[in-house]
Structure formats: C-alpha cells, structure tokens
Amino acid sequence: MSPTSDNSVDTSVEETQSNAAKRRAKGEFVRGTSGFRSILGEDPDFPAEPGRYHLFVAYNCPWCHRVILARNLLGLQDSITLDVAFPSRTNEDDPAGPNFWEFNPARTASLTGASLPECTAETATGKGFRLVQEIYAAEGSDEGSVPVLYDKKTRRIVNNESAEIIRMLGQQAAALGSRLSGADRPQLYPQDSALRAEIDTLNTAIYGDINNGAYKAGFSSSQNVYAAAFNGYFAALETLEQRLATDGRPFLTGDHFTEADLRLFPTLFRHDPVYYVRMKLNGAKILDYPHLWRWLCRVYALPGVAESNSLVHCRQGYFGRSWNNVVPLGPLLPMRYPEAYEHPELAG
C-alpha cells in the first residue's frame, strides 16, 4: 500500500479489526478500514495533474472535514472539484433503504426548514449518481463511506482513507495546481525528520484518544467502554492544553501549522456545539481550556478554514441520527457558534 521513498504516504493509524464482531457485541464502536489506497503521483495510474481530481464529501463528517481543510489551506480549490452530500443519510422510507449518503441539494433540513445551499448533485462520474454507494458499486465495491478522492479522467476511485488523502495533497500540492506559492503554502509534513517524528506521535495520540475517541464515547452501548473513552478524551485534551501552555506556542509543534493541527481541528470545532451533548462528552467545553480555545480560534482565522465546514450541517447530521431527530438550538452563551471562534478573548 505505502511507498518506501522519503515521501512515503504511511499515515493512518487503523484500528485493529481482531474480534471486531465480539467487541461490537459488547458495546464497543469499532471503525472499519478503507479499501481504496492508491497514492497520487506514485501510482502510475494516478499522476498528480491540475483539474483531474474530485472529492466526494459530507460537511458533518470530521474525516471529510480534514480533507476539505487540506484542500483549502493548500490552495487547491480551483484544481480539485467538490461534491457535498446532504448531512443526514437516507431514511427507512427511501427506495434504496436507510443509512446511505446521498447527493440531494433539494432535500430539506429539519433544523432550518429549507434546503442547504452547500449541498450539490453528483457531478464527477458522468452518471449523476444519487448515492455514494453507487460510486463504489460501479467499481464492484460494497463500501459507502466518505471522503472519496476520485479521478474524473479514468472515472475511478483513487483513495478513501482521509489520513492518506491529506498527506498526498500536501506532498503533491504544487503538481496538483495550488494557487499558492511555496512560501505561502503550509508545509503540513515538513522534511525535517525530528519534526516528522513529533507529528507522527501527535497524530497517533490525537486519532486514538480524540478523533476516534469521540466516536467510541458517543456510539458505545457499554458504560465501561464509554467511561474509558470519555476519560481518555479529556486526559488527551489536558495534555494538549499543557503542551500549548508550556511555552505559549501558537501551534502544536511550534510556530507553524502542521498536519497534527489539521487533524485535531475538526473534532475540537465540533466539541462545544455538538459533541458535548451528542457524544456525551460533557466533562468540559473547549472554552474551559484557555490555550486550546485560543489555538482553536487561531486555526479558525487561517485563510480557507472558516469556509471549510458548516455547523448547520454538523448539527443536522449528528442529531438527525438521534432517536427523535430533533436538533438542539444551543449553545447560545457566551455567544452563538461558530461566531464564538472569532473571539479568543472568551477564554480569558
């Protein structure tokens, strides 16, 4: 799967699938694995070219969010096109059945009583598919997840592992047609070996305890499994809070935004307005961690970040899957979100 050069794309900390069925039966959330793992610029079928590639995403999905962040921060908006699925999946009364991602720009969101302007039809395959599952089925796969990096020229899926997509976008940004100069484009995974080791260590901890930890807390059906995920999540937040507090560094590894910051942001962006309630992560808000809050606001202010997501989509998607489909309207204090992310001073 992964090349062996210095630019090797070996990024995902995959959860072991051993005894997955038994673990799920005991109430544990066990994330599956991604089946499409080609590498842009290294697989001869998928050269890095401007205008050739496309992303299928859903704004409420944090794995999609980090891919959209990479696209925007790296200046690839003009080069890599994008289709956005509706945040709630299909219902029981859908002809195809429930729980499928769909491209349906006319669908009404219960939160707003209107369609969502960010949602699109499917535009990349030439088939106008309604369901993400149909894109996979065209290649003989029964997967149905997002994000998907897609080749419009060969009409094939390149990769559906978000960790690998963000790494390859960073490595191939210039060849893919970034509108930013090298000096203006963030180096998400710099060449320095010591810094790479630091990023790798952070990525592992952030994925296990925070990114995936939020899901293990929110989607477990065992009190013990939930408690372990809850405790691990907040212990990891405290560790990161102290990391930022020690020397006042603006980003996790120092003065520059890297892949570690990018991976952390989608979860913390969702924590106060969504995960605090939906994932039962009510131990504290990010607003209660002054250095993490200011970090969150600092990242939110970077060019391309604010437009990389929508809390309307997040609220609709997460609470639309709850037992009664009612979406909470708060929090309202100290101010509404995401406007609060423009105010680092709220943390004191």
# chains A, B, ... in the order shown; residues from 1 in each chain; ligands from 1
>>> select_by_dssp(residues="region 235-322 of chain A", states="helix (DSSP H, G or I)", output="NGL selection string")
:A and (235-247 or 259-278 or 286-288 or 290-300 or 306-308 or 311-319)
>>> residues_around(residues="region 298-305 of chain A", least_positions_apart="4", cutoff="7 Å", atoms="only C-alpha atoms", output="list of chain:residue names")
A:Leu69, A:Asn72, A:Leu73, A:Arg294, A:Tyr341
>>> write_last_selection(atoms="N, CA and C atoms", output="compact mmCIF listing (two decimals), in the first residue's frame")
# COMPACT_ATOMS: atom_id res chain seq x y z
N LEU A 69 -10.20 20.79 4.67
CA LEU A 69 -9.22 21.72 5.24
C LEU A 69 -7.92 21.69 4.45
N ASN A 72 -8.33 23.41 1.10
CA ASN A 72 -8.43 24.87 1.18
C ASN A 72 -7.13 25.51 1.63
N LEU A 73 -6.50 24.94 2.65
CA LEU A 73 -5.27 25.53 3.17
C LEU A 73 -4.13 25.45 2.17
N ARG A 294 -7.82 29.34 22.46
CA ARG A 294 -7.13 30.33 21.64
C ARG A 294 -6.49 29.67 20.42
N TYR A 341 -15.85 31.40 17.64
CA TYR A 341 -14.46 31.08 17.25
C TYR A 341 -13.71 32.31 16.73
>>> closest_residue(among="A:Ala48, A:Leu169, A:Val132, A:Ala163", to="Cys64 (chain A)", atoms="only C-alpha atoms")
A:Ala163
>>> closest_residue(among="A:Ser220, A:Asn211, A:Thr258, A:Gln187", to="Pro62 (chain A)", atoms="only C-alpha atoms")
A:Asn211
>>> select_by_dssp(residues="region 87-216 of chain A", states="strand (DSSP E)", output="PyMOL selection string")
chain A and resi 108-109+114-115+148-151+156-159
>>> closest_residue(among="A:Ser162, A:Asn104, A:Thr125, A:Ser310", to="Ala85 (chain A)", atoms="only C-alpha atoms")
A:Asn104
